[in-house]
>>> print(open('query00.txt').read())   # compact mmCIF, C-alpha atoms and all ligand atoms
# COMPACT_ATOMS: atom_id res chain seq x y z
CA MET A 12 27.09 6.55 -21.99
CA ASP A 13 28.72 7.97 -18.96
CA SER A 14 28.11 11.02 -16.79
CA HIS A 15 30.42 11.83 -13.91
CA GLY A 16 31.36 8.15 -13.95
CA LEU A 17 27.75 6.99 -13.54
CA PRO A 18 25.40 5.20 -15.97
CA VAL A 19 23.12 7.79 -17.54
CA VAL A 20 19.34 8.20 -17.61
CA LYS A 21 17.90 10.86 -19.90
CA VAL A 22 14.57 12.42 -18.90
CA SER A 23 12.01 14.39 -20.90
CA ARG A 24 11.42 18.11 -20.52
CA ARG A 25 8.39 17.37 -18.31
CA GLY A 26 10.46 15.05 -16.12
CA ALA A 27 13.24 17.65 -15.87
CA ASN A 28 10.75 20.38 -14.91
CA ARG A 29 9.41 18.20 -12.18
CA LEU A 30 12.92 17.87 -10.77
CA THR A 31 13.70 21.58 -11.02
CA ASP A 32 10.43 22.18 -9.11
CA GLY A 33 11.97 20.18 -6.28
CA HIS A 34 10.19 16.84 -6.66
CA VAL A 35 12.42 13.76 -6.47
CA TRP A 36 10.56 11.31 -8.72
CA VAL A 37 10.49 10.86 -12.46
CA TYR A 38 7.94 8.43 -13.89
CA ARG A 39 8.83 5.85 -16.51
CA SER A 40 6.76 7.71 -19.12
CA ASP A 41 9.23 10.61 -18.78
CA ILE A 42 12.36 8.51 -19.34
CA LEU A 43 13.82 9.09 -22.82
CA ALA A 44 16.79 6.74 -22.50
CA ALA A 45 18.20 4.37 -19.89
CA ASP A 46 20.18 1.99 -22.07
CA GLY A 47 21.55 -0.98 -20.23
CA VAL A 48 21.12 0.59 -16.78
CA PRO A 49 20.97 -2.28 -14.27
CA PRO A 50 18.22 -2.63 -11.61
CA GLY A 51 18.79 -0.44 -8.56
CA ALA A 52 21.77 1.41 -10.06
CA LEU A 53 23.06 4.78 -8.94
CA VAL A 54 22.71 6.91 -12.08
CA GLY A 55 23.46 10.37 -13.41
CA VAL A 56 20.33 12.15 -14.67
CA ILE A 57 20.42 14.44 -17.71
CA ASP A 58 17.73 16.35 -19.58
CA ASP A 59 17.02 16.30 -23.31
CA ARG A 60 19.78 18.90 -23.85
CA GLU A 61 22.26 16.74 -21.92
CA LYS A 62 22.27 19.08 -18.92
CA PHE A 63 23.24 17.26 -15.73
CA LEU A 64 20.41 17.33 -13.13
CA GLY A 65 21.79 15.19 -10.31
CA ALA A 66 22.23 11.63 -9.08
CA ALA A 67 19.35 9.19 -8.63
CA LEU A 68 18.50 5.61 -7.77
CA TYR A 69 17.04 3.70 -10.69
CA SER A 70 14.36 1.02 -10.85
CA THR A 71 13.80 -1.11 -13.94
CA ALA A 72 10.35 -2.19 -12.66
CA SER A 73 8.56 0.58 -10.79
CA GLN A 74 6.45 3.25 -12.50
CA ILE A 75 8.64 5.61 -10.47
CA ALA A 76 11.74 5.01 -12.57
CA ILE A 77 14.10 7.33 -10.75
CA ARG A 78 14.26 8.76 -7.25
CA MET A 79 16.76 11.56 -6.85
CA ILE A 80 19.32 11.21 -4.11
CA ALA A 81 21.57 14.24 -4.69
CA LYS A 82 21.75 17.38 -6.83
CA ASP A 83 25.39 16.73 -7.67
CA ALA A 84 27.31 13.70 -8.86
CA VAL A 85 27.74 11.03 -6.19
CA LYS A 86 31.22 9.54 -6.09
CA ASP A 87 30.84 7.65 -2.83
CA LEU A 88 27.35 6.18 -2.34
CA ASP A 89 28.31 4.42 0.91
CA GLY A 90 29.55 7.68 2.39
CA LEU A 91 26.37 9.49 1.30
CA LEU A 92 24.10 6.80 2.79
CA ARG A 93 25.99 6.96 6.09
CA LYS A 94 25.71 10.75 6.17
CA ARG A 95 21.98 10.67 5.41
CA LEU A 96 21.40 8.11 8.18
CA GLN A 97 23.31 10.28 10.65
CA GLU A 98 21.23 13.31 9.64
CA ALA A 99 17.98 11.35 10.02
CA ILE A 100 19.01 10.24 13.51
CA ALA A 101 20.04 13.79 14.46
CA TYR A 102 16.70 15.18 13.21
CA ARG A 103 14.77 12.81 15.50
CA GLU A 104 16.89 13.91 18.43
CA ARG A 105 15.59 17.43 17.78
CA VAL A 106 11.88 16.72 17.20
CA VAL A 107 10.92 13.55 19.08
CA ARG A 108 9.92 13.74 22.75
CA GLY A 109 8.42 11.41 25.32
CA THR A 110 8.84 8.10 23.50
CA ASP A 111 11.28 5.33 22.70
CA ALA A 112 9.33 4.35 19.58
CA TYR A 113 9.50 6.47 16.46
CA ARG A 114 10.42 6.46 12.78
CA ILE A 115 14.11 7.03 12.23
CA VAL A 116 14.08 7.01 8.43
CA PHE A 117 11.06 8.02 6.33
CA SER A 118 12.20 7.30 2.78
CA GLU A 119 12.05 10.37 0.47
CA ALA A 120 11.42 12.70 3.41
CA ASP A 121 14.89 11.77 4.75
CA PHE A 122 16.52 11.78 1.30
CA LEU A 123 16.84 7.99 1.54
CA PRO A 124 14.17 6.98 -0.99
CA GLY A 125 12.95 3.41 -0.58
CA LEU A 126 14.06 2.93 3.02
CA ILE A 127 11.97 2.89 6.21
CA VAL A 128 13.52 2.37 9.65
CA ASP A 129 11.47 2.36 12.86
CA ARG A 130 12.70 2.13 16.41
CA TYR A 131 10.83 0.24 19.14
CA ASN A 132 12.82 0.69 22.34
CA ASP A 133 16.07 -1.27 21.75
CA LEU A 134 14.87 -2.92 18.52
CA LEU A 135 15.01 -1.56 14.99
CA SER A 136 12.70 -2.61 12.18
CA LEU A 137 13.63 -1.94 8.60
CA GLN A 138 11.66 -2.01 5.33
CA VAL A 139 13.17 -2.00 1.87
CA LEU A 140 10.87 -0.68 -0.86
CA THR A 141 13.06 -0.38 -3.95
CA GLN A 142 15.65 -2.24 -6.04
CA ALA A 143 18.37 0.23 -5.05
CA MET A 144 17.89 -0.24 -1.31
CA ASP A 145 17.86 -4.01 -1.82
CA VAL A 146 21.37 -4.11 -3.32
CA GLU A 147 23.46 -6.23 -0.93
CA ALA A 148 26.23 -3.63 -0.53
CA VAL A 149 23.63 -0.95 0.28
CA ARG A 150 21.93 -3.17 2.86
CA GLU A 151 25.28 -3.81 4.51
CA VAL A 152 26.09 -0.11 4.80
CA ILE A 153 22.66 0.63 6.29
CA VAL A 154 22.82 -2.15 8.87
CA SER A 155 26.39 -1.28 9.82
CA GLU A 156 25.70 2.46 10.22
CA LEU A 157 22.48 1.87 12.25
CA THR A 158 24.34 -0.59 14.47
CA GLU A 159 27.26 1.75 15.02
CA ARG A 160 25.13 4.81 15.79
CA LEU A 161 22.24 3.31 17.76
CA ARG A 162 23.60 0.04 19.21
CA PRO A 163 20.22 -1.75 18.98
CA ALA A 164 19.75 -5.18 20.57
CA ALA A 165 18.57 -6.39 17.15
CA ILE A 166 17.56 -5.24 13.67
CA SER A 167 14.75 -7.04 11.89
CA GLU A 168 13.46 -6.67 8.35
CA ARG A 169 9.73 -6.67 7.57
CA VAL A 170 9.10 -7.81 4.01
CA ASP A 171 6.00 -6.81 2.05
CA PRO A 172 5.86 -9.52 -0.65
CA ARG A 173 3.70 -7.29 -2.87
CA VAL A 174 6.34 -4.56 -2.89
CA ARG A 175 9.06 -7.04 -3.86
CA GLU A 176 6.89 -8.39 -6.65
CA LEU A 177 6.20 -4.90 -8.03
CA GLU A 178 9.93 -4.08 -7.91
CA GLN A 179 10.67 -7.48 -9.53
CA LEU A 180 12.88 -8.46 -6.62
CA PRO A 181 13.39 -12.13 -5.71
CA ALA A 182 11.12 -13.36 -2.91
CA ARG A 183 12.58 -12.96 0.54
CA SER A 184 11.16 -13.58 3.98
CA SER A 185 11.04 -11.30 6.97
CA GLY A 186 13.86 -12.02 9.38
CA LEU A 187 16.58 -10.78 11.68
CA LEU A 188 19.46 -8.90 10.06
CA GLN A 189 21.38 -8.49 13.27
CA GLY A 190 21.03 -9.77 16.86
CA GLU A 191 18.39 -12.19 18.16
CA LYS A 192 15.85 -10.23 20.17
CA THR A 193 12.36 -10.00 18.60
CA SER A 194 10.10 -8.63 21.34
CA ALA A 195 10.13 -5.56 23.52
CA VAL A 196 7.94 -3.16 25.45
CA PHE A 197 7.96 0.41 24.13
CA SER A 198 6.30 3.50 25.48
CA MET A 199 4.81 6.69 24.11
CA ASN A 200 3.40 9.56 26.18
CA GLY A 201 3.74 7.35 29.26
CA VAL A 202 1.60 4.53 27.81
CA ARG A 203 3.25 1.13 27.34
CA PHE A 204 2.84 -1.29 24.43
CA HIS A 205 3.98 -4.80 23.57
CA TYR A 206 6.04 -5.14 20.42
CA GLU A 207 6.67 -8.29 18.37
CA ALA A 208 9.07 -7.83 15.47
CA PHE A 209 7.25 -10.08 13.01
CA GLU A 210 3.61 -9.49 13.92
CA GLY A 211 0.98 -6.85 13.27
CA GLN A 212 0.69 -4.22 10.55
CA LYS A 213 3.26 -1.79 9.15
CA THR A 214 6.43 -2.41 11.20
CA GLY A 215 4.25 -3.12 14.25
CA ALA A 216 2.56 0.09 15.34
CA PHE A 217 1.04 3.27 13.91
CA LEU A 218 3.85 5.54 15.08
CA ASP A 219 2.54 8.36 12.88
CA GLN A 220 -0.41 8.79 15.29
CA ARG A 221 1.75 9.18 18.40
CA GLU A 222 1.30 12.94 18.81
CA ASN A 223 -2.39 12.66 17.92
CA TYR A 224 -2.93 10.15 20.75
CA ALA A 225 -1.68 12.71 23.26
CA ALA A 226 -3.74 15.51 21.69
CA ALA A 227 -6.93 13.42 21.63
CA ALA A 228 -6.46 12.45 25.27
CA GLU A 229 -6.36 16.12 26.27
CA TYR A 230 -9.95 16.70 25.15
CA ALA A 231 -11.44 13.24 25.67
CA ARG A 232 -13.96 12.65 28.42
CA GLY A 233 -16.96 10.59 29.53
CA GLU A 234 -17.78 7.43 27.60
CA ALA A 235 -15.41 6.86 24.66
CA LEU A 236 -15.46 4.65 21.58
CA ASP A 237 -12.24 3.96 19.63
CA VAL A 238 -13.25 2.63 16.21
CA PHE A 239 -10.55 0.75 14.23
CA CYS A 240 -8.56 0.50 17.46
CA TYR A 241 -5.84 -2.03 16.37
CA HIS A 242 -3.55 -2.48 19.42
CA GLY A 243 -5.41 0.22 21.35
CA GLY A 244 -3.24 3.27 20.61
CA PHE A 245 -6.05 5.79 21.04
CA ALA A 246 -8.10 3.73 23.53
CA LEU A 247 -5.20 3.38 25.97
CA HIS A 248 -4.43 7.09 25.80
CA LEU A 249 -8.11 7.98 26.35
CA ALA A 250 -8.42 5.62 29.32
CA SER A 251 -6.77 8.01 31.78
CA HIS A 252 -9.32 10.75 30.93
CA CYS A 253 -12.53 8.80 30.34
CA ALA A 254 -15.01 6.97 32.57
CA LYS A 255 -15.33 4.09 30.13
CA VAL A 256 -13.50 3.16 26.92
CA THR A 257 -14.57 0.66 24.25
CA GLY A 258 -12.32 -0.34 21.34
CA VAL A 259 -13.61 -1.88 18.10
CA ASP A 260 -11.64 -3.74 15.45
CA SER A 261 -12.36 -6.57 13.00
CA SER A 262 -9.03 -8.26 13.72
CA ARG A 263 -9.00 -10.71 16.61
CA PRO A 264 -5.17 -10.92 16.77
CA ALA A 265 -5.04 -7.09 16.97
CA LEU A 266 -7.54 -7.12 19.85
CA GLU A 267 -5.59 -9.79 21.69
CA VAL A 268 -2.54 -7.52 21.69
CA ALA A 269 -4.77 -4.57 22.67
CA ASP A 270 -5.99 -6.55 25.67
CA ARG A 271 -2.42 -7.40 26.73
CA ASN A 272 -1.55 -3.71 26.36
CA ALA A 273 -4.47 -2.75 28.61
CA ALA A 274 -3.23 -5.19 31.26
CA LEU A 275 0.30 -3.83 30.91
CA ASN A 276 -1.05 -0.37 31.78
CA GLY A 277 -3.48 -1.56 34.46
CA ARG A 278 -6.50 -0.38 32.43
CA GLU A 279 -9.96 -1.88 31.96
CA ILE A 280 -11.05 -1.48 28.37
CA GLU A 281 -13.87 -3.28 26.58
CA TRP A 282 -12.75 -4.75 23.23
CA ILE A 283 -15.31 -5.66 20.59
CA GLU A 284 -14.50 -7.73 17.51
CA ALA A 285 -16.78 -6.42 14.77
CA ASN A 286 -17.02 -4.85 11.37
CA ALA A 287 -16.99 -1.16 12.24
CA PHE A 288 -19.56 -0.22 9.59
CA ASP A 289 -22.08 -2.78 10.90
CA LEU A 290 -21.43 -1.94 14.54
CA LEU A 291 -21.78 1.81 14.02
CA ARG A 292 -25.01 1.32 12.08
CA ASP A 293 -26.48 -0.94 14.77
CA TYR A 294 -25.35 1.21 17.71
CA ALA A 295 -26.47 4.46 16.10
CA GLY A 296 -29.83 2.86 15.24
CA ALA A 297 -30.24 1.59 18.80
CA GLY A 298 -29.71 5.07 20.26
CA GLN A 299 -26.33 4.36 21.84
CA ARG A 300 -24.55 7.58 22.93
CA TYR A 301 -20.91 8.56 23.55
CA ASP A 302 -18.97 11.63 24.67
CA THR A 303 -15.83 10.87 22.67
CA ILE A 304 -15.47 8.91 19.42
CA VAL A 305 -12.26 8.18 17.50
CA LEU A 306 -12.42 7.07 13.85
CA ASP A 307 -9.09 5.85 12.45
CA PRO A 308 -9.92 3.56 9.52
CA PRO A 309 -7.41 1.93 7.15
CA ALA A 310 -6.63 3.84 3.92
CA PHE A 311 -9.85 3.60 1.88
CA ALA A 312 -8.35 5.28 -1.21
CA LYS A 313 -5.35 3.19 -2.22
CA SER A 314 -5.31 4.96 -5.58
CA LYS A 315 -6.94 7.94 -7.25
CA SER A 316 -9.39 5.64 -9.04
CA ASN A 317 -11.33 4.70 -5.92
CA LEU A 318 -11.45 8.18 -4.42
CA GLU A 319 -15.25 8.48 -4.74
CA THR A 320 -15.89 5.17 -2.97
CA ALA A 321 -13.39 6.15 -0.29
CA LEU A 322 -15.11 9.49 0.33
CA ARG A 323 -18.44 7.70 0.69
CA GLY A 324 -16.86 5.39 3.26
CA TYR A 325 -15.46 8.30 5.29
CA LYS A 326 -18.80 10.09 5.10
CA GLU A 327 -20.76 7.12 6.35
CA LEU A 328 -18.44 6.59 9.34
CA ASN A 329 -18.55 10.25 10.31
CA LEU A 330 -22.36 10.39 9.93
CA ARG A 331 -22.85 7.49 12.32
CA ALA A 332 -20.34 8.87 14.82
CA LEU A 333 -22.02 12.30 14.78
CA LYS A 334 -25.36 10.66 15.35
CA MET A 335 -24.03 9.03 18.52
CA LEU A 336 -22.11 11.94 20.02
CA ARG A 337 -23.75 13.78 22.89
CA PRO A 338 -23.81 17.60 22.69
CA GLY A 339 -20.41 18.87 23.82
CA GLY A 340 -18.85 15.65 22.57
CA ILE A 341 -15.47 15.21 20.90
CA LEU A 342 -14.95 13.59 17.50
CA VAL A 343 -11.41 12.57 16.55
CA THR A 344 -11.57 11.64 12.88
CA CYS A 345 -8.61 10.50 10.77
CA SER A 346 -7.72 9.58 7.20
CA CYS A 347 -4.39 8.11 6.17
CA SER A 348 -5.17 8.04 2.43
CA TYR A 349 -2.76 10.30 0.57
CA HIS A 350 -5.28 10.54 -2.29
CA VAL A 351 -7.86 12.15 0.02
CA SER A 352 -6.58 15.72 0.35
CA PRO A 353 -6.98 17.69 3.59
CA ALA A 354 -9.61 19.81 1.77
CA ASP A 355 -11.52 16.70 0.58
CA PHE A 356 -11.50 15.33 4.09
CA LEU A 357 -12.75 18.55 5.69
CA GLU A 358 -15.49 18.68 3.07
CA VAL A 359 -16.64 15.12 3.74
CA VAL A 360 -16.77 15.67 7.50
CA SER A 361 -18.55 18.96 6.95
CA GLN A 362 -21.17 17.26 4.71
CA ALA A 363 -21.73 14.64 7.40
CA ALA A 364 -22.28 17.40 9.95
CA ARG A 365 -24.77 19.15 7.68
CA ASP A 366 -26.72 15.95 7.08
CA MET A 367 -26.83 15.26 10.82
CA HIS A 368 -27.69 18.88 11.72
CA ARG A 369 -24.69 19.13 14.00
CA ASN A 370 -22.28 22.04 14.41
CA LEU A 371 -18.61 21.22 14.40
CA ARG A 372 -15.78 23.34 15.68
CA ILE A 373 -12.20 22.49 14.81
CA VAL A 374 -10.30 22.15 18.07
CA GLU A 375 -7.18 20.91 16.30
CA ASN A 376 -6.37 20.24 12.65
CA ARG A 377 -3.49 17.78 12.84
CA THR A 378 -1.25 15.61 10.69
CA GLN A 379 1.39 12.89 11.10
CA ALA A 380 3.93 13.00 13.95
CA LYS A 381 7.14 14.95 13.38
CA ASP A 382 9.26 11.82 12.98
CA HIS A 383 7.33 11.27 9.71
CA PRO A 384 8.45 14.57 8.17
CA VAL A 385 6.66 16.14 5.23
CA LEU A 386 8.94 17.25 2.44
CA LEU A 387 7.25 20.33 1.04
CA ALA A 388 8.30 19.67 -2.56
CA VAL A 389 7.04 16.06 -2.36
CA PRO A 390 3.31 16.18 -1.56
CA GLU A 391 3.19 12.37 -1.38
CA THR A 392 5.06 12.54 1.95
CA ALA A 393 2.02 14.24 3.59
CA TYR A 394 -0.71 11.66 4.02
CA LEU A 395 -2.24 11.65 7.51
CA LYS A 396 -5.14 13.87 8.52
CA CYS A 397 -6.47 13.97 12.07
CA LEU A 398 -9.22 16.41 13.02
CA ILE A 399 -10.24 16.95 16.62
CA LEU A 400 -13.72 18.45 16.60
CA ALA A 401 -16.06 19.75 19.27
CA VAL A 402 -19.63 18.72 18.44
CA SER A 403 -22.71 20.69 19.38
N1 LIG A 501 -6.10 3.40 15.39
C1 LIG A 501 -5.06 2.41 15.25
C2 LIG A 501 -4.71 2.13 13.80
C3 LIG A 501 -5.85 1.66 12.97
S1 LIG A 501 -5.34 0.80 11.55
C4 LIG A 501 -3.81 2.87 15.98
O1 LIG A 501 -3.68 4.06 16.26
O2 LIG A 501 -2.95 2.05 16.25
C5 LIG A 501 -6.83 0.20 10.93
C6 LIG A 501 -7.44 -0.92 11.73
O3 LIG A 501 -8.72 -1.15 11.17
C7 LIG A 501 -6.72 -2.25 11.66
O4 LIG A 501 -6.46 -2.69 12.97
C8 LIG A 501 -7.71 -3.21 10.98
O5 LIG A 501 -7.73 -4.50 11.57
C9 LIG A 501 -9.02 -2.53 11.23
N2 LIG A 501 -10.10 -2.75 10.26
C10 LIG A 501 -10.02 -2.76 8.91
N3 LIG A 501 -11.25 -2.87 8.37
C11 LIG A 501 -12.13 -2.91 9.41
C12 LIG A 501 -13.54 -2.99 9.51
N4 LIG A 501 -14.32 -3.05 8.42
N5 LIG A 501 -14.10 -2.99 10.73
C13 LIG A 501 -13.35 -2.92 11.85
N6 LIG A 501 -12.01 -2.83 11.81
C14 LIG A 501 -11.40 -2.82 10.62
>>> encode(input="query00.txt", output="structure tokens", more="lines below")
Ligand code: SAH
Amino acid sequence: MDSHGLPVVKVSRRGANRLTDGHVWVYRSDILAADGVPPGALVGVIDDREKFLGAALYSTASQIAIRMIAKDAVKDLDGLLRKRLQEAIAYRERVVRGTDAYRIVFSEADFLPGLIVDRYNDLLSLQVLTQAMDVEAVREVIVSELTERLRPAAISERVDPRVRELEQLPARSSGLLQGEKTSAVFSMNGVRFHYEAFEGQKTGAFLDQRENYAAAAEYARGEALDVFCYHGGFALHLASHCAKVTGVDSSRPALEVADRNAALNGREIEWIEANAFDLLRDYAGAGQRYDTIVLDPPAFAKSKSNLETALRGYKELNLRALKMLRPGGILVTCSCSYHVSPADFLEVVSQAARDMHRNLRIVENRTQAKDHPVLLAVPETAYLKCLILAVS
């Protein structure tokens, strides 16, 4: 079969409705026919009455079988990819301020499903999440357009072996795609950080928290505790406003980078290697007090099925933090689990406040930084919650 010169995928009524509602995914259970469509192909999508719905990228392995890339037929995929990259770069020029580290491409939210590109000063880091973005010709177009537009010193690729396995892609190691440079110093809100292309989590830093660091610093004061501090993103921002800052993380390598970052900024911060749950229980029990506490744990709910356990985890952390905050204190509490909705998260924090007999006022109800745009029709693009609360 052929539609506008593309291999054809036929979707069910439910799948078609999802697309007309503006979503860009169709799950495998809603695919009626995709005969002989190769992995990662650009396809034409039709509904059960053969009506043309647009062009999409196809995966033979993922539960998300198609990700839409255009509403019309795509004749020139290379040209479209180049245009989308230019638009993503232009969008950042409009919304990003005060940093040389930010996300340049955020997958679906930039109409480039399956592609992540982050900038750290003069280095770019790229992640490929789907069969379509892994096609050699597609990779070449992406690297060439990024090079032409941004002239980075180097482009590296961070590989998540689990993602490649799920997409049934051959194993591949992280490595340089262009240039030779692998380390840099980047800055956000005037705070400087070390960057190593092939170390740490995500592509190296939690860029989505950048605007929240600055917001938290505005209200922070006194003695501060940054729980799940990683490389010290919050701790280093708080340091200019607080008398004393302590960062806690269970990862020694993360704390070693945090310590180098503190030195880079001429700050004294105490780093503690510990399990946050144990440390908070012990400190709260021992009557330790703080004026500012940040909670930024890893995603507890990786899927809908462990939502209840995740909510219990968030509640426990917030309970302990509220126990330790002095009256007039500031709680900065985050969740990066998409499956925990903003309403769920508010409810959990509110329950913790009730149990601890504390009153909470929302100073700011925040989300991910603007370089991680939220596409309104694709709720999955909105995942980060960051509440700044005044505690009395
Ligand atoms: N706040 C950080 C990002 C935190 S990511 C920033 O803005 O950059 C989550 C961090 O939690 C990781 O560094 C991970 O090492 C740490 N972590 C995971 N489980 C932990 C636990 N049980 N106790 C302490 N730290 C933990």
>>> residues_around(input="query00.txt", residues="segment 92-100 of chain A", least_positions_apart="2", cutoff="9 Å", atoms="all atoms listed in the file", output="PDB file with C-alpha atoms, in the coordinates of the input")
ATOM      1  CA  ASP A  87      30.840   7.650  -2.830  1.00  0.00           C
ATOM      2  CA  LEU A  88      27.350   6.180  -2.340  1.00  0.00           C
ATOM      3  CA  ASP A  89      28.310   4.420   0.910  1.00  0.00           C
ATOM      4  CA  GLY A  90      29.550   7.680   2.390  1.00  0.00           C
ATOM      5  CA  TYR A 102      16.700  15.180  13.210  1.00  0.00           C
ATOM      6  CA  ARG A 103      14.770  12.810  15.500  1.00  0.00           C
ATOM      7  CA  GLU A 104      16.890  13.910  18.430  1.00  0.00           C
ATOM      8  CA  ILE A 115      14.110   7.030  12.230  1.00  0.00           C
ATOM      9  CA  VAL A 116      14.080   7.010   8.430  1.00  0.00           C
ATOM     10  CA  PHE A 117      11.060   8.020   6.330  1.00  0.00           C
ATOM     11  CA  ASP A 121      14.890  11.770   4.750  1.00  0.00           C
ATOM     12  CA  PHE A 122      16.520  11.780   1.300  1.00  0.00           C
ATOM     13  CA  LEU A 123      16.840   7.990   1.540  1.00  0.00           C
ATOM     14  CA  VAL A 149      23.630  -0.950   0.280  1.00  0.00           C
ATOM     15  CA  VAL A 152      26.090  -0.110   4.800  1.00  0.00           C
ATOM     16  CA  ILE A 153      22.660   0.630   6.290  1.00  0.00           C
ATOM     17  CA  GLU A 156      25.700   2.460  10.220  1.00  0.00           C
ATOM     18  CA  LEU A 157      22.480   1.870  12.250  1.00  0.00           C
ATOM     19  CA  ARG A 160      25.130   4.810  15.790  1.00  0.00           C
ATOM     20  CA  LEU A 161      22.240   3.310  17.760  1.00  0.00           C
TER      21      LEU A 161
END
>>> residues_near_point(input="query00.txt", point="(-11.7, -2.3, 32.2)", cutoff="10 Å", atoms="all atoms listed in the file", output="JSON, numbers by chain")
{"A": [250, 254, 255, 256, 257, 270, 273, 274, 277, 278, 279, 280, 281, 282]}
>>> closest_residue(input="query00.txt", among="A:Ala312, A:Ala297, A:Leu322, A:Leu266", to="ligand LIG 501 (chain A)", atoms="all atoms listed in the file")
A:Leu266
>>> residues_near_ligand(input="query00.txt", ligand="ligand LIG 501 (chain A)", cutoff="10 Å", atoms="all atoms listed in the file", output="PyMOL selection string")
chain A and resi 211-213+215-221+223-224+237-247+258-266+269+283-291+305-311+345-347
>>> residues_around(input="query00.txt", residues="Asn28 of chain A", least_positions_apart="6", cutoff="12 Å", atoms="only C-alpha atoms", output="PyMOL selection string")
chain A and resi 22+34-37+41+57-59+64
>>> closest_residue(input="query00.txt", among="A:Lys62, A:Asp133, A:Tyr206, A:Pro49", to="Ser23 of chain A", atoms="only C-alpha atoms")
A:Lys62
>>> residues_near_point(input="query00.txt", point="(14.2, -7.2, 10.4)", cutoff="12 Å", atoms="only C-alpha atoms", output="number ranges by chain")
A: 127-131, 134-139, 150, 154, 163-171, 183-194, 207-210, 214-215
>>> atom_distance(input="query00.txt", atom1="atom CA of Val343 of chain A", atom2="atom CA of Lys313 of chain A")
21.8 Å
>>> residues_around(input="query00.txt", residues="Ile75 of chain A", least_positions_apart="6", cutoff="12 Å", atoms="all atoms listed in the file", output="PDB file with C-alpha atoms, in the frame of the given file")
ATOM      1  CA  GLY A  26      10.460  15.050 -16.120  1.00  0.00           C
ATOM      2  CA  HIS A  34      10.190  16.840  -6.660  1.00  0.00           C
ATOM      3  CA  VAL A  35      12.420  13.760  -6.470  1.00  0.00           C
ATOM      4  CA  TRP A  36      10.560  11.310  -8.720  1.00  0.00           C
ATOM      5  CA  VAL A  37      10.490  10.860 -12.460  1.00  0.00           C
ATOM      6  CA  TYR A  38       7.940   8.430 -13.890  1.00  0.00           C
ATOM      7  CA  ARG A  39       8.830   5.850 -16.510  1.00  0.00           C
ATOM      8  CA  SER A  40       6.760   7.710 -19.120  1.00  0.00           C
ATOM      9  CA  ASP A  41       9.230  10.610 -18.780  1.00  0.00           C
ATOM     10  CA  ILE A  42      12.360   8.510 -19.340  1.00  0.00           C
ATOM     11  CA  GLY A  51      18.790  -0.440  -8.560  1.00  0.00           C
ATOM     12  CA  ALA A  67      19.350   9.190  -8.630  1.00  0.00           C
ATOM     13  CA  LEU A  68      18.500   5.610  -7.770  1.00  0.00           C
ATOM     14  CA  TYR A  69      17.040   3.700 -10.690  1.00  0.00           C
ATOM     15  CA  PRO A 124      14.170   6.980  -0.990  1.00  0.00           C
ATOM     16  CA  GLY A 125      12.950   3.410  -0.580  1.00  0.00           C
ATOM     17  CA  LEU A 140      10.870  -0.680  -0.860  1.00  0.00           C
ATOM     18  CA  THR A 141      13.060  -0.380  -3.950  1.00  0.00           C
ATOM     19  CA  GLN A 142      15.650  -2.240  -6.040  1.00  0.00           C
ATOM     20  CA  LEU A 177       6.200  -4.900  -8.030  1.00  0.00           C
ATOM     21  CA  GLU A 178       9.930  -4.080  -7.910  1.00  0.00           C
TER      22      GLU A 178
END
>>> closest_residue(input="query00.txt", among="A:Ile341, A:Ala225, A:Ile399, A:Val85", to="Gly109 of chain A", atoms="all atoms listed in the file")
A:Ala225
>>> closest_atom_pairs(input="query00.txt", of="segment 42-135 of chain A", to="segment 366-380 of chain A", cutoff="10 Å", atoms="only C-alpha atoms", output="JSON lines")
{"residue": "A:Val106", "atom": "CA", "partner": "A:Ala380", "partner_atom": "CA", "distance": 9.4}
{"residue": "A:Val107", "atom": "CA", "partner": "A:Ala380", "partner_atom": "CA", "distance": 8.7}
{"residue": "A:Tyr113", "atom": "CA", "partner": "A:Ala380", "partner_atom": "CA", "distance": 8.9}
{"residue": "A:Arg114", "atom": "CA", "partner": "A:Ala380", "partner_atom": "CA", "distance": 9.3}
>>> write_last_selection(input="query00.txt", atoms="C-alpha atoms", output="PDB file, keeping the file's coordinate frame")
ATOM      1  CA  VAL A 106      11.880  16.720  17.200  1.00  0.00           C
ATOM      2  CA  VAL A 107      10.920  13.550  19.080  1.00  0.00           C
ATOM      3  CA  TYR A 113       9.500   6.470  16.460  1.00  0.00           C
ATOM      4  CA  ARG A 114      10.420   6.460  12.780  1.00  0.00           C
TER       5      ARG A 114
END
>>> closest_residue(input="query00.txt", among="A:Arg292, A:His15, A:Lys396, A:Lys21", to="Leu328 of chain A", atoms="all atoms listed in the file")
A:Arg292
>>> residues_around(input="query00.txt", residues="Ala231 of chain A", least_positions_apart="2", cutoff="9 Å", atoms="all atoms listed in the file", output="list in words")
Ala226, Ala227, Ala228, Glu229, Gly233, Glu234, Ala235, Leu249, Ala250, His252, Cys253, Asp302, Thr303, Ile304, Gly340, Ile341 and Leu342 of chain A
>>> closest_residue(input="query00.txt", among="A:Ala321, A:Leu91, A:Met199, A:Leu398", to="Pro353 of chain A", atoms="only C-alpha atoms")
A:Leu398
>>> closest_residue(input="query00.txt", among="A:Leu395, A:Val56, A:Ala72, A:Val48", to="Arg175 of chain A", atoms="all atoms listed in the file")
A:Ala72
